[in-house]
$ cat my_file15.cif   # mmCIF, C-alpha atoms
data_input
loop_
_atom_site.label_atom_id
_atom_site.label_comp_id
_atom_site.auth_asym_id
_atom_site.auth_seq_id
_atom_site.Cartn_x
_atom_site.Cartn_y
_atom_site.Cartn_z
CA MET Q 17 -16.50 -12.96 -12.29
CA ASP Q 18 -15.51 -10.13 -10.05
CA SER Q 19 -12.48 -8.73 -11.76
CA ILE Q 20 -9.65 -6.66 -10.38
CA ARG Q 21 -10.39 -2.95 -10.39
CA PHE Q 22 -7.75 -0.77 -11.97
CA ASP Q 23 -8.08 2.54 -13.79
CA GLU Q 24 -6.36 5.94 -14.07
CA GLN Q 25 -7.79 7.03 -10.71
CA LEU Q 26 -5.67 4.32 -9.10
CA VAL Q 27 -2.51 5.50 -10.87
CA VAL Q 28 -0.13 8.13 -9.44
CA ILE Q 29 2.50 9.60 -11.75
CA GLY Q 30 5.09 12.32 -11.25
CA GLN Q 31 4.39 12.88 -7.57
CA SER Q 32 7.38 12.86 -5.21
CA PHE Q 33 7.27 10.93 -1.96
CA ARG Q 34 9.81 10.83 0.82
CA SER Q 35 9.12 7.30 1.99
CA LYS Q 36 7.34 4.04 1.24
CA GLU Q 37 4.83 5.00 3.95
CA GLU Q 38 3.86 8.09 1.96
CA VAL Q 39 3.45 6.15 -1.30
CA VAL Q 40 1.43 3.42 0.40
CA HIS Q 41 -0.71 6.08 2.09
CA GLU Q 42 -1.50 7.81 -1.21
CA LEU Q 43 -2.36 4.60 -3.06
CA ALA Q 44 -4.22 3.02 -0.12
CA SER Q 45 -6.34 6.18 0.25
CA ARG Q 46 -7.38 5.84 -3.38
CA LEU Q 47 -8.26 2.16 -2.94
CA LEU Q 48 -10.23 3.06 0.19
CA GLY Q 49 -11.98 5.88 -1.68
CA GLN Q 50 -13.23 3.36 -4.22
CA GLY Q 51 -14.42 1.03 -1.48
CA CYS Q 52 -11.92 -1.67 -2.42
CA VAL Q 53 -10.29 -2.10 1.00
CA LEU Q 54 -11.07 -1.85 4.72
CA PRO Q 55 -9.96 1.31 6.57
CA SER Q 56 -7.36 -0.83 8.39
CA TYR Q 57 -5.80 -1.94 5.08
CA GLU Q 58 -3.06 0.73 4.97
CA GLU Q 59 -1.80 -0.13 8.43
CA ALA Q 60 -1.95 -3.84 7.58
CA VAL Q 61 0.17 -3.25 4.46
CA LEU Q 62 2.86 -1.40 6.43
CA ARG Q 63 2.81 -4.01 9.19
CA ARG Q 64 3.27 -6.79 6.64
CA GLU Q 65 5.99 -4.80 4.91
CA ALA Q 66 7.91 -4.67 8.21
CA SER Q 67 7.95 -8.50 8.49
CA PHE Q 68 7.90 -9.46 4.82
CA PRO Q 69 9.36 -6.65 2.69
CA THR Q 70 8.40 -6.57 -0.99
CA GLY Q 71 11.12 -4.60 -2.77
CA LEU Q 72 12.43 -6.44 -5.83
CA PRO Q 73 15.77 -5.75 -7.57
CA THR Q 74 14.33 -6.02 -11.06
CA GLU Q 75 16.13 -4.61 -14.10
CA PRO Q 76 16.65 -1.88 -15.17
CA ILE Q 77 14.72 -0.31 -12.27
CA CYS Q 78 13.42 -1.73 -9.01
CA VAL Q 79 9.79 -2.39 -8.19
CA ALA Q 80 7.90 -3.02 -4.95
CA ILE Q 81 4.67 -4.97 -4.58
CA PRO Q 82 3.31 -4.06 -1.12
CA HIS Q 83 0.10 -5.85 -0.06
CA ALA Q 84 -1.90 -7.00 2.95
CA ASP Q 85 -3.48 -10.31 3.84
CA PRO Q 86 -6.64 -11.07 1.80
CA GLU Q 87 -9.06 -10.30 4.66
CA TYR Q 88 -8.43 -6.56 4.25
CA CYS Q 89 -9.62 -6.66 0.64
CA VAL Q 90 -13.27 -5.77 -0.05
CA HIS Q 91 -13.07 -5.69 -3.84
CA PRO Q 92 -9.89 -6.83 -5.63
CA ALA Q 93 -7.95 -3.82 -6.91
CA LEU Q 94 -4.54 -2.63 -8.01
CA GLY Q 95 -2.86 0.72 -7.34
CA LEU Q 96 0.19 1.91 -9.27
CA ALA Q 97 2.74 4.66 -8.61
CA LEU Q 98 5.44 5.67 -11.11
CA LEU Q 99 7.91 7.69 -9.08
CA PRO Q 100 10.20 10.47 -10.32
CA GLU Q 101 12.38 9.85 -7.25
CA PRO Q 102 12.64 6.27 -5.96
CA VAL Q 103 11.69 5.42 -2.37
CA THR Q 104 13.34 2.83 -0.14
CA PHE Q 105 11.67 -0.55 0.38
CA GLY Q 106 13.09 -3.55 2.21
CA LEU Q 107 14.44 -6.26 -0.09
CA MET Q 108 12.10 -9.23 -0.33
CA GLY Q 109 13.46 -12.20 1.59
CA ASP Q 110 16.00 -10.16 3.52
CA GLU Q 111 16.07 -8.75 7.03
CA GLU Q 112 18.30 -5.77 6.32
CA ALA Q 113 18.99 -5.01 2.66
CA THR Q 114 16.90 -2.44 0.81
CA VAL Q 115 16.07 -1.48 -2.77
CA GLU Q 116 15.26 1.92 -4.25
CA ALA Q 117 11.94 1.32 -5.98
CA SER Q 118 10.70 3.56 -8.79
CA VAL Q 119 7.58 1.55 -9.60
CA VAL Q 120 5.13 0.55 -6.86
CA PHE Q 121 2.21 -1.84 -7.36
CA LEU Q 122 -0.10 -1.84 -4.34
CA LEU Q 123 -2.09 -5.08 -4.39
CA ALA Q 124 -5.48 -5.66 -2.75
CA LEU Q 125 -6.40 -9.20 -3.68
CA LYS Q 126 -8.51 -12.09 -2.44
CA ALA Q 127 -6.70 -15.37 -1.80
CA ASP Q 128 -8.06 -17.04 -4.94
CA LYS Q 129 -6.71 -14.32 -7.25
CA GLN Q 130 -3.27 -13.77 -5.80
CA LEU Q 131 -1.34 -16.44 -7.62
CA THR Q 132 -2.64 -15.99 -11.17
CA PHE Q 133 -2.50 -12.24 -10.91
CA LEU Q 134 0.97 -12.06 -9.41
CA THR Q 135 2.24 -14.51 -12.03
CA GLN Q 136 1.02 -12.21 -14.80
CA LEU Q 137 2.27 -9.09 -13.07
CA ALA Q 138 5.67 -10.72 -12.53
CA ALA Q 139 5.87 -11.45 -16.25
CA LEU Q 140 5.43 -7.71 -16.81
CA PHE Q 141 8.10 -6.48 -14.40
CA GLN Q 142 10.53 -9.33 -15.23
CA THR Q 143 10.75 -8.07 -18.81
CA PRO Q 144 13.21 -5.13 -18.78
CA GLU Q 145 11.82 -3.51 -21.96
CA THR Q 146 8.25 -3.66 -20.64
CA LEU Q 147 9.24 -2.27 -17.26
CA SER Q 148 11.20 0.61 -18.87
CA ALA Q 149 8.30 1.37 -21.18
CA LEU Q 150 5.89 1.51 -18.24
CA ALA Q 151 8.19 3.74 -16.18
CA SER Q 152 8.48 6.25 -19.01
CA ILE Q 153 4.71 6.82 -19.29
CA THR Q 154 3.55 10.23 -18.03
CA ASP Q 155 -0.22 9.94 -18.44
CA PRO Q 156 -2.23 7.92 -15.86
CA HIS Q 157 -4.81 6.81 -18.41
CA GLU Q 158 -2.09 5.57 -20.73
CA ALA Q 159 -0.29 3.81 -17.86
CA ALA Q 160 -3.51 2.03 -16.86
CA ALA Q 161 -4.13 0.95 -20.46
CA PHE Q 162 -0.54 -0.26 -20.79
CA VAL Q 163 -0.71 -2.44 -17.67
CA LYS Q 164 -4.10 -3.81 -18.72
CA SER Q 165 -2.69 -4.74 -22.11
CA LYS Q 166 0.08 -6.73 -20.39
CA VAL Q 167 -1.96 -8.20 -17.56
CA ASP Q 168 -5.14 -8.84 -19.46
CA ARG Q 169 -8.16 -11.01 -18.70
CA GLN Q 170 -8.36 -9.94 -15.06
CA LEU Q 171 -8.23 -6.17 -14.90
CA ALA Q 172 -11.38 -4.11 -15.27
CA GLY Q 173 -11.93 -0.38 -15.24
CA GLY Q 174 -13.19 1.29 -12.08
CA ARG Q 175 -16.33 3.28 -11.57
CA MET N 9 22.34 -39.86 -8.40
CA ARG N 10 19.77 -41.49 -6.19
CA THR N 11 16.47 -42.75 -7.53
CA ALA N 12 14.14 -41.19 -4.93
CA LYS N 13 12.75 -37.71 -5.59
CA TYR N 14 14.42 -34.78 -3.93
CA ARG N 15 12.11 -32.71 -1.75
CA ILE N 16 12.36 -28.95 -2.14
CA VAL N 17 10.32 -26.54 0.01
CA THR N 18 9.80 -22.88 -0.93
CA ILE N 19 8.87 -20.43 1.84
CA CYS N 20 7.28 -16.98 1.73
CA GLY N 21 5.12 -14.74 3.91
CA SER N 22 1.69 -15.96 2.90
CA GLY N 23 2.52 -19.31 1.35
CA VAL N 24 0.27 -18.38 -1.56
CA ALA N 25 1.75 -16.23 -4.25
CA ALA N 26 5.47 -15.53 -4.23
CA CYS N 27 6.68 -18.96 -3.13
CA THR N 28 4.24 -20.70 -5.48
CA ILE N 29 5.70 -18.77 -8.39
CA ALA N 30 9.16 -19.84 -7.20
CA ALA N 31 7.97 -23.44 -6.79
CA GLN N 32 6.59 -23.55 -10.34
CA LYS N 33 9.79 -22.16 -11.81
CA ILE N 34 11.92 -24.58 -9.79
CA ALA N 35 9.79 -27.56 -10.87
CA LYS N 36 10.15 -26.52 -14.51
CA GLY N 37 13.86 -25.75 -14.19
CA MET N 38 14.61 -29.09 -12.52
CA ALA N 39 12.60 -30.99 -15.15
CA GLU N 40 14.66 -29.25 -17.85
CA ARG N 41 17.82 -30.31 -16.03
CA GLY N 42 16.63 -33.90 -15.67
CA ILE N 43 16.33 -33.80 -11.87
CA ASP N 44 13.32 -35.48 -10.30
CA VAL N 45 11.91 -33.24 -7.56
CA ASP N 46 8.81 -32.69 -5.48
CA VAL N 47 8.36 -28.97 -4.74
CA LYS N 48 6.04 -27.61 -2.06
CA ALA N 49 5.23 -23.96 -1.31
CA ILE N 50 4.50 -23.09 2.33
CA SER N 51 4.18 -19.99 4.50
CA MET N 52 6.42 -18.99 7.39
CA ARG N 53 3.50 -19.71 9.72
CA GLU N 54 3.16 -23.27 8.45
CA ALA N 55 6.87 -23.91 8.62
CA GLY N 56 6.41 -26.90 10.92
CA GLY N 57 6.24 -30.62 10.21
CA GLU N 58 6.13 -30.11 6.46
CA ILE N 59 9.75 -29.15 6.40
CA ASP N 60 11.33 -31.88 8.50
CA HIS N 61 12.07 -34.06 5.51
CA ALA N 62 13.07 -31.42 2.98
CA ASP N 63 16.35 -31.82 1.12
CA LEU N 64 16.64 -28.12 0.30
CA PHE N 65 14.88 -24.83 1.06
CA VAL N 66 14.36 -21.84 -1.17
CA THR N 67 13.19 -18.88 0.89
CA ILE N 68 11.62 -15.55 0.02
CA ALA N 69 10.82 -14.86 3.68
CA PRO N 70 13.39 -13.05 5.80
CA GLY N 71 14.88 -14.80 8.76
CA PHE N 72 13.98 -18.36 7.79
CA LYS N 73 16.30 -20.90 9.40
CA ALA N 74 16.43 -24.51 8.30
CA PRO N 75 15.41 -26.98 11.02
CA ASN N 76 18.31 -29.23 10.20
CA LEU N 77 21.76 -28.31 9.03
CA ALA N 78 21.80 -30.98 6.35
CA ALA N 79 19.31 -29.03 4.24
CA PRO N 80 20.78 -25.99 2.52
CA VAL N 81 18.80 -22.75 2.35
CA LEU N 82 18.95 -20.68 -0.85
CA ASN N 83 17.40 -17.28 -1.57
CA GLY N 84 14.59 -17.36 -4.11
CA VAL N 85 14.05 -13.67 -4.89
CA ALA N 86 15.52 -14.30 -8.37
CA PHE N 87 12.32 -16.16 -9.27
CA LEU N 88 10.34 -12.96 -8.62
CA THR N 89 12.71 -10.55 -10.35
CA GLY N 90 13.64 -12.85 -13.23
CA VAL N 91 17.24 -11.72 -12.69
CA GLY N 92 19.71 -14.59 -12.21
CA GLU N 93 17.11 -17.37 -12.23
CA SER N 94 19.20 -19.93 -14.07
CA LYS N 95 22.12 -19.31 -11.71
CA VAL N 96 19.94 -20.22 -8.73
CA LEU N 97 18.55 -23.26 -10.58
CA ASP N 98 22.10 -24.45 -11.29
CA GLU N 99 23.01 -23.87 -7.63
CA ILE N 100 20.01 -25.99 -6.57
CA VAL N 101 21.20 -28.83 -8.82
CA LYS N 102 24.72 -28.55 -7.40
CA ARG N 103 23.49 -28.64 -3.79
CA LEU N 104 21.16 -31.58 -4.44
CA LYS N 105 23.93 -33.56 -6.11
CA GLU N 106 26.19 -32.89 -3.13
CA LYS N 107 23.61 -34.64 -1.00
CA GLY N 108 24.00 -37.73 -3.19
#
$ encode --input "my_file15.cif" --output "structure tokens"
Amino acid sequence: MDSIRFDEQLVVIGQSFRSKEEVVHELASRLLGQGCVLPSYEEAVLRREASFPTGLPTEPICVAIPHADPEYCVHPALGLALLPEPVTFGLMGDEEATVEASVVFLLALKADKQLTFLTQLAALFQTPETLSALASITDPHEAAAFVKSKVDRQLAGGR
Amino acid sequence: MRTAKYRIVTICGSGVAACTIAAQKIAKGMAERGIDVDVKAISMREAGGEIDHADLFVTIAPGFKAPNLAAPVLNGVAFLTGVGESKVLDEIVKRLKEKG
């Protein structure tokens, strides 16, 4: 079973970004560096974000789950950014409203994995205590281990 | 309350993940509330014939407009955030009952 790649190299913590474009660029570059996505993936994510924004007003902090259509995914992978300063994402399902997201999950998934994975990931960020605990982690290795412990069965370490 | 099933359609960008999660939660929530429904998840792109007979829409895609005014459109982001889910479920029940 080809599992979803996720390790500390795909985790960004403590770095400040001025915009969602900058966060997506940083995470997408890492996914590209590991051969998980096509070079056009980053642009596809931002294009999709413009039509179907992914910011979610979760509690106690907001998350965003930017992604592209499955054809841009070479090997399923997950990128994660824990931001000291939130960046603005459009609110999912809305044409104008925005949310200030402090946790960003960049998803590169094949069509068959999307639903099960997103269901498990949603269970993580829908639980306020779990989301707070994740946001307070300062070590990428620890953050990767924490997410894996919550979203088990599918995530595997990278190279 | 009528005997036929109510038809609910959830709509999102891809028609795969987000609206399927919403659909599953709505199906469960309606079962718990004793309302018989058939829930389908579709993408904005597919939003064609499938939706002509829907009784109610729950959208996670911006800019979705119902094809007929008789079918209310509710926002389903609560099913992704987990915040205010039961409020939306209760609103769905209320709107369906209004339809008779």
$ atom_distance --input "my_file15.cif" --atom1 "atom CA of Q:Val119" --atom2 "atom CA of Q:Leu98"
4.9 Å
$ resolve_selection --input "my_file15.cif" --expression "the PyMOL selection byres ((chain N and resi 22-28) around 10)" --output "PyMOL selection string"
(chain Q and resi 68+70+84-86+108+127-135+138) or (chain N and resi 17-21+29-34+47-55+66-69+84-85+87-88)
$ interface_residues --input "my_file15.cif" --of "chain Q" --to "chain N" --cutoff "6 Å" --atoms "all atoms listed in the file" --output "PyMOL selection string"
chain Q and resi 74+109-111+130-131+142
$ axis_aligned_box --input "my_file15.cif" --around "stretch 74-81 of chain N" --padding-each-side "4 Å" --output "AutoDock Vina command-line options"
--center_x 18.6 --center_y -26.9 --center_z 6.7 --size_x 14.4 --size_y 16.2 --size_z 16.7
$ resolve_selection --input "my_file15.cif" --expression "the PyMOL selection byres ((chain Q and resi 61) around 12)" --output "ChimeraX atom specification"
/Q:36-37,39-41,43-44,53-60,62-70,81-89,122-124
$ atom_distance --input "my_file15.cif" --atom1 "atom CA of Q:Lys166" --atom2 "atom CA of Q:Pro102"
23.1 Å
$ build_atoms --input "my_file15.cif" --residues "stretch 129-148 of chain Q" --atoms "N, CA, C and O atoms" --output "mmCIF file, in the coordinates of the input"
data_model
loop_
_atom_site.group_PDB
_atom_site.id
_atom_site.type_symbol
_atom_site.label_atom_id
_atom_site.label_comp_id
_atom_site.auth_asym_id
_atom_site.auth_seq_id
_atom_site.Cartn_x
_atom_site.Cartn_y
_atom_site.Cartn_z
ATOM 1 N N LYS Q 129 -7.228 -15.048 -6.083
ATOM 2 C CA LYS Q 129 -6.710 -14.320 -7.250
ATOM 3 C C LYS Q 129 -5.203 -14.106 -7.189
ATOM 4 O O LYS Q 129 -4.579 -13.822 -8.204
ATOM 5 N N GLN Q 130 -4.656 -14.200 -5.991
ATOM 6 C CA GLN Q 130 -3.270 -13.770 -5.800
ATOM 7 C C GLN Q 130 -2.288 -14.414 -6.757
ATOM 8 O O GLN Q 130 -1.487 -13.738 -7.377
ATOM 9 N N LEU Q 131 -2.369 -15.739 -6.868
ATOM 10 C CA LEU Q 131 -1.340 -16.440 -7.620
ATOM 11 C C LEU Q 131 -1.388 -16.109 -9.108
ATOM 12 O O LEU Q 131 -0.384 -15.708 -9.687
ATOM 13 N N THR Q 132 -2.568 -16.259 -9.733
ATOM 14 C CA THR Q 132 -2.640 -15.990 -11.170
ATOM 15 C C THR Q 132 -2.271 -14.550 -11.473
ATOM 16 O O THR Q 132 -1.549 -14.269 -12.418
ATOM 17 N N PHE Q 133 -2.777 -13.641 -10.634
ATOM 18 C CA PHE Q 133 -2.500 -12.240 -10.910
ATOM 19 C C PHE Q 133 -1.024 -11.914 -10.743
ATOM 20 O O PHE Q 133 -0.416 -11.270 -11.593
ATOM 21 N N LEU Q 134 -0.440 -12.368 -9.643
ATOM 22 C CA LEU Q 134 0.970 -12.060 -9.410
ATOM 23 C C LEU Q 134 1.859 -12.697 -10.485
ATOM 24 O O LEU Q 134 2.871 -12.117 -10.888
ATOM 25 N N THR Q 135 1.473 -13.871 -10.960
ATOM 26 C CA THR Q 135 2.240 -14.510 -12.030
ATOM 27 C C THR Q 135 2.266 -13.634 -13.274
ATOM 28 O O THR Q 135 3.305 -13.440 -13.892
ATOM 29 N N GLN Q 136 1.091 -13.082 -13.619
ATOM 30 C CA GLN Q 136 1.020 -12.210 -14.800
ATOM 31 C C GLN Q 136 1.753 -10.895 -14.579
ATOM 32 O O GLN Q 136 2.436 -10.389 -15.465
ATOM 33 N N LEU Q 137 1.605 -10.349 -13.378
ATOM 34 C CA LEU Q 137 2.270 -9.090 -13.070
ATOM 35 C C LEU Q 137 3.790 -9.289 -13.078
ATOM 36 O O LEU Q 137 4.539 -8.439 -13.573
ATOM 37 N N ALA Q 138 4.239 -10.431 -12.549
ATOM 38 C CA ALA Q 138 5.670 -10.720 -12.530
ATOM 39 C C ALA Q 138 6.217 -10.804 -13.947
ATOM 40 O O ALA Q 138 7.316 -10.338 -14.230
ATOM 41 N N ALA Q 139 5.427 -11.367 -14.853
ATOM 42 C CA ALA Q 139 5.870 -11.450 -16.250
ATOM 43 C C ALA Q 139 6.093 -10.048 -16.801
ATOM 44 O O ALA Q 139 7.013 -9.817 -17.591
ATOM 45 N N LEU Q 140 5.270 -9.100 -16.363
ATOM 46 C CA LEU Q 140 5.430 -7.710 -16.810
ATOM 47 C C LEU Q 140 6.734 -7.121 -16.268
ATOM 48 O O LEU Q 140 7.569 -6.645 -17.025
ATOM 49 N N PHE Q 141 6.923 -7.182 -14.934
ATOM 50 C CA PHE Q 141 8.100 -6.480 -14.400
ATOM 51 C C PHE Q 141 9.401 -7.279 -14.535
ATOM 52 O O PHE Q 141 10.476 -6.769 -14.262
ATOM 53 N N GLN Q 142 9.308 -8.554 -14.973
ATOM 54 C CA GLN Q 142 10.530 -9.330 -15.230
ATOM 55 C C GLN Q 142 11.067 -9.078 -16.636
ATOM 56 O O GLN Q 142 12.137 -9.560 -16.984
ATOM 57 N N THR Q 143 10.304 -8.364 -17.450
ATOM 58 C CA THR Q 143 10.750 -8.070 -18.810
ATOM 59 C C THR Q 143 11.273 -6.637 -18.840
ATOM 60 O O THR Q 143 10.495 -5.683 -18.745
ATOM 61 N N PRO Q 144 12.616 -6.463 -18.903
ATOM 62 C CA PRO Q 144 13.210 -5.130 -18.780
ATOM 63 C C PRO Q 144 12.619 -4.092 -19.734
ATOM 64 O O PRO Q 144 12.358 -2.954 -19.324
ATOM 65 N N GLU Q 145 12.352 -4.479 -20.991
ATOM 66 C CA GLU Q 145 11.820 -3.510 -21.960
ATOM 67 C C GLU Q 145 10.421 -3.056 -21.544
ATOM 68 O O GLU Q 145 10.074 -1.873 -21.684
ATOM 69 N N THR Q 146 9.615 -3.992 -21.054
ATOM 70 C CA THR Q 146 8.250 -3.660 -20.640
ATOM 71 C C THR Q 146 8.267 -2.748 -19.425
ATOM 72 O O THR Q 146 7.512 -1.773 -19.344
ATOM 73 N N LEU Q 147 9.153 -3.065 -18.479
ATOM 74 C CA LEU Q 147 9.240 -2.270 -17.260
ATOM 75 C C LEU Q 147 9.721 -0.847 -17.584
ATOM 76 O O LEU Q 147 9.171 0.134 -17.067
ATOM 77 N N SER Q 148 10.720 -0.719 -18.467
ATOM 78 C CA SER Q 148 11.200 0.610 -18.870
ATOM 79 C C SER Q 148 10.098 1.386 -19.560
ATOM 80 O O SER Q 148 9.921 2.586 -19.311
#
